[in-house]
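Visitor: One structure follows; several queries about it will come next.
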Amino acid sequence: MDWYRDLGITEIIFIALFAILYALYLVRVIRIGKSLNTPYSTVFIKLILRTLYFALFLVALLGPSFGGSKKEVKSVGKDIMICIDLSKSMDAFDVQPTRLEKIKFEMKRLVNAFNSDRIGIIIFSSEAFMQCPLTYDQNALNLFIETMNSSLVPSSGTDFGPPLRMALKKLEDENGPPTQSKSKIIILISDGEDFGEETEDVTREIENKGIKLFTLGVGTDAGGNIYAGRGLKTDRNGKPVLTKLNSRSLKDLASKTDGQYFEINETKNDVSRLINTIGKIEGELRDKRFMDVTANKYFYFLAAAAILLVIDIMLNIPTLRI
């Protein structure tokens with residue numbers, strides 16, 4: 001027999017109180033019986049009855065489990081690669097406090113929402129770098145997200161090709177046994193300013209592999225300036241750089257892979273909708289096993305104790321006979 005909880009301080013205190021108080025009661029009854037020269041043995045009938053249902057209440061509190069059975073436990077999940085643009089345009093503040101800081105906050109929501117799935121992070125601008133491989137470790141993911149900034153990657157523009165190709169390769173490397181296929185998803189987060197030339201080719205590969213690509217655009221159509229030190233980032237003519245959200249390229253990428261486009265701007269935040277959409281995708285079976293399980297049968301002992309309590313209340317046994 002297994003127990004839901006061990007005998008602890010609380011139970012020991014209950015037992016001690018019951019024993020002490022009932023001992024004092026017995027001493028008092030016996031003393032009175034002797035002084036009156038009258039039988040007092042019937043008091044022990046109640047003692048046995050009350051001790052019995054007190055013990056049953058205590059056993060019910062500890063949660064006895066027995067009657068073992070086999071239960072099949074299945075492990076089902078998805079693999080999600082998040083590609084995050086860290087080019088200088090992500091430091092624009094048309095989305096408060098900045099595009100990047102807003103995305104870091106929303107990425108933590110994504111990690112929390114898919115805590116039973118494996119998540120990996122790729123950072124990119126004109127080049128792509130693996131920030132965190134596929135993992136279940138939420139603490140590690142949140143740590144990597146917190147340390148992200150635009151100085152981690154070269155600042156020579158944005159190219160969607162390298163991060164998408166890296167994400168595709170990493171997802172393919174995680175195939176495992178032939179019988180263990182997985183639901184694979186790529187999330188591309190950017191302001192949409194793509195200056196690469198291989199994006200269309202890698203998008204076609206993603207489509208052929210049947211992997212869904214979801215894109216999340218961050219920024220506004222009006223655009224925003226970028227902080228650079230104590231002032232604003234300027235172009236060669238000394239004018240403040242204005243970077244705008246290019247949603248068209250992100251929408252095209254999503255539509256070509258049977259994915260969807262989502263957006264964060266000054267008035268709209270589609271991250272909850274993104275989470276719901278990915279959540280509806282059925283994960284693939286990774287593992288299954290049979291485990292020995294037992295059921296908590298406290299209610300049997302609780303019912304028996306309750307019956308004895310009712311009997312105690314209804315049974316009228318004179319403690320002393322005069």
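Lettering and numbering for the structure tokens are positional, with chains as A, B, ... in the shown order, residues counted from 1 in each chain, and ligands counted from 1 in the shown order.
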List as a ChimeraX atom specification the protein and nucleic acid residues near region 273-285 of chain A, meaning an atom at most 12 Å away when only C-alpha atoms are counted, but skip any in the same chain fewer than 5 places from it.
Guide: /A:73-80,106-118,175,177,179-189,211-217,259-264,268
Visitor: Would you kindly return, as a ChimeraX atom specification, each protein, DNA or RNA residue with an atom no farther than 6 Å from any atom of region 149-152 of chain A, considering only C-alpha atoms and excluding same-chain residues fewer than 5 positions away?
Guide: /A:86-88
Visitor: Tell me, in Å to one decimal, how far CA of Gly219 (chain A) is from CA of Ser125 (chain A).
Guide: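 These atoms are spaced 16.4 Å apart.
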Visitor: If I take CA of Gln96 (chain A) and CA of Ser156 (chain A), how far is one from the other in Å, to one decimal?
Guide: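 Spanning CA of Gln96 (chain A) to CA of Ser156 (chain A) is a straight-line distance of 24.1 Å.
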Visitor: Enumerate as a list in words all residues of region 14-89 of chain A assigned to strand (DSSP E or B) by DSSP on the backbone, naming them with the chain letters and numbers the document uses.
Guide: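 Taking region 14-89 of chain A and keeping strand (DSSP E or B) only, one gets Pro64, Ser65, Phe66, Gly67, Gly68, Ser69, Lys70, Lys71, Glu72, Val73, Lys74, Ser75, Val76, Gly77, Lys78, Asp79, Ile80, Met81, Ile82, Cys83, Ile84 and Asp85 of chain A.
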Visitor: Using the selection just defined, write its residues with C-alpha atoms as a PDB file, in the first residue's frame.
Guide:
ATOM      1  CA  PRO A  64      -3.977   5.187   1.262  1.00  0.00           C
ATOM      2  CA  SER A  65      -3.488   4.003  -2.330  1.00  0.00           C
ATOM      3  CA  PHE A  66      -3.824   0.404  -3.462  1.00  0.00           C
ATOM      4  CA  GLY A  67      -5.216  -1.656  -6.311  1.00  0.00           C
ATOM      5  CA  GLY A  68      -2.397  -1.162  -8.837  1.00  0.00           C
ATOM      6  CA  SER A  69      -3.091  -0.946 -12.576  1.00  0.00           C
ATOM      7  CA  LYS A  70      -1.240  -0.183 -15.800  1.00  0.00           C
ATOM      8  CA  LYS A  71      -1.683   3.203 -17.474  1.00  0.00           C
ATOM      9  CA  GLU A  72      -0.358   4.227 -20.875  1.00  0.00           C
ATOM     10  CA  VAL A  73       1.472   7.559 -20.823  1.00  0.00           C
ATOM     11  CA  LYS A  74       2.124   9.275 -24.160  1.00  0.00           C
ATOM     12  CA  SER A  75       4.609  12.061 -24.884  1.00  0.00           C
ATOM     13  CA  VAL A  76       3.331  14.351 -27.640  1.00  0.00           C
ATOM     14  CA  GLY A  77       4.883  17.613 -28.773  1.00  0.00           C
ATOM     15  CA  LYS A  78       6.153  19.939 -31.483  1.00  0.00           C
ATOM     16  CA  ASP A  79       9.533  21.336 -32.498  1.00  0.00           C
ATOM     17  CA  ILE A  80       9.530  25.117 -32.909  1.00  0.00           C
ATOM     18  CA  MET A  81      12.435  27.165 -34.274  1.00  0.00           C
ATOM     19  CA  ILE A  82      12.164  30.923 -33.660  1.00  0.00           C
ATOM     20  CA  CYS A  83      14.224  33.146 -35.961  1.00  0.00           C
ATOM     21  CA  ILE A  84      14.570  36.651 -34.519  1.00  0.00           C
ATOM     22  CA  ASP A  85      15.849  39.640 -36.485  1.00  0.00           C
TER      23      ASP A  85
END
Visitor: Hey, what's within 10 Å of Gly8 (chain A) if we count only C-alpha atoms and toss same-chain stuff fewer than 4 positions away? As a PyMOL selection string, please?
Guide: chain A and resi 12-13+62
Visitor: Env of region 36-45 of chain A: 12 Å cut, atoms = only C-alpha atoms, seq-sep filter 3 positions within chain, self excluded. Answer as a ChimeraX atom specification.
Guide: /A:22-23,25-33,48-52,312,315-322
Visitor: Write the selection just made, keeping C-alpha atoms, as a PDB file, in the first residue's frame?
Guide:
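Saved the output as selection13.pdb:
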ATOM      1  CA  TYR A  22      -9.146  11.057  26.526  1.00  0.00           C
ATOM      2  CA  ALA A  23      -6.713   9.912  29.222  1.00  0.00           C
ATOM      3  CA  TYR A  25     -11.401  12.017  30.743  1.00  0.00           C
ATOM      4  CA  LEU A  26     -10.856   8.378  31.740  1.00  0.00           C
ATOM      5  CA  VAL A  27      -9.022   9.345  34.928  1.00  0.00           C
ATOM      6  CA  ARG A  28     -11.891  11.630  35.881  1.00  0.00           C
ATOM      7  CA  VAL A  29     -14.575   8.974  35.165  1.00  0.00           C
ATOM      8  CA  ILE A  30     -12.680   6.233  37.036  1.00  0.00           C
ATOM      9  CA  ARG A  31     -12.120   8.520  40.029  1.00  0.00           C
ATOM     10  CA  ILE A  32     -15.820   9.399  40.175  1.00  0.00           C
ATOM     11  CA  GLY A  33     -16.814   5.736  39.759  1.00  0.00           C
ATOM     12  CA  ILE A  48     -12.824   1.548  21.647  1.00  0.00           C
ATOM     13  CA  LEU A  49     -15.459   2.951  19.291  1.00  0.00           C
ATOM     14  CA  ARG A  50     -14.001   6.473  19.271  1.00  0.00           C
ATOM     15  CA  THR A  51     -10.433   5.252  18.940  1.00  0.00           C
ATOM     16  CA  LEU A  52     -11.481   3.183  15.937  1.00  0.00           C
ATOM     17  CA  ASP A 312     -21.387   6.797  18.540  1.00  0.00           C
ATOM     18  CA  LEU A 315     -25.692   4.800  20.861  1.00  0.00           C
ATOM     19  CA  ASN A 316     -26.641   5.768  24.384  1.00  0.00           C
ATOM     20  CA  ILE A 317     -24.441   3.889  26.850  1.00  0.00           C
ATOM     21  CA  PRO A 318     -24.474   5.158  30.472  1.00  0.00           C
ATOM     22  CA  THR A 319     -20.935   5.874  31.568  1.00  0.00           C
ATOM     23  CA  LEU A 320     -21.749   5.550  35.285  1.00  0.00           C
ATOM     24  CA  ARG A 321     -24.605   3.716  36.903  1.00  0.00           C
ATOM     25  CA  ILE A 322     -25.932   5.121  40.129  1.00  0.00           C
TER      26      ILE A 322
END
Visitor: Find, counting only C-alpha atoms, the residue in A:Leu302, A:Ile145, A:Ile307, A:Ala222 that gets nearest to Ile123 (chain A).
Guide: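 Closest candidate: A:Ile145.
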Visitor: Between A:Ile313, A:Ala16, A:Ala303, A:Ile122, which is the closest to Leu164 (chain A) once you count only C-alpha atoms?
Guide: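 Ranked by minimum distance to Leu164 (chain A), first place goes to A:Ile122.
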Visitor: Please identify which residues in region 121-182 of chain A DSSP calls helix (DSSP H, G or I) from the backbone, and express them as JSON, numbers by chain.
Guide: {"A": [138, 139, 140, 141, 142, 143, 144, 145, 146, 150, 151, 152, 161, 162, 163, 164, 165, 166, 167, 168, 169, 170, 171, 172, 173]}
Visitor: Between A:Tyr136, A:Phe105, A:Phe124, A:Phe129, which is the closest to Asp159 (chain A) once you count only C-alpha atoms?
Guide: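 Closest candidate: A:Phe124.
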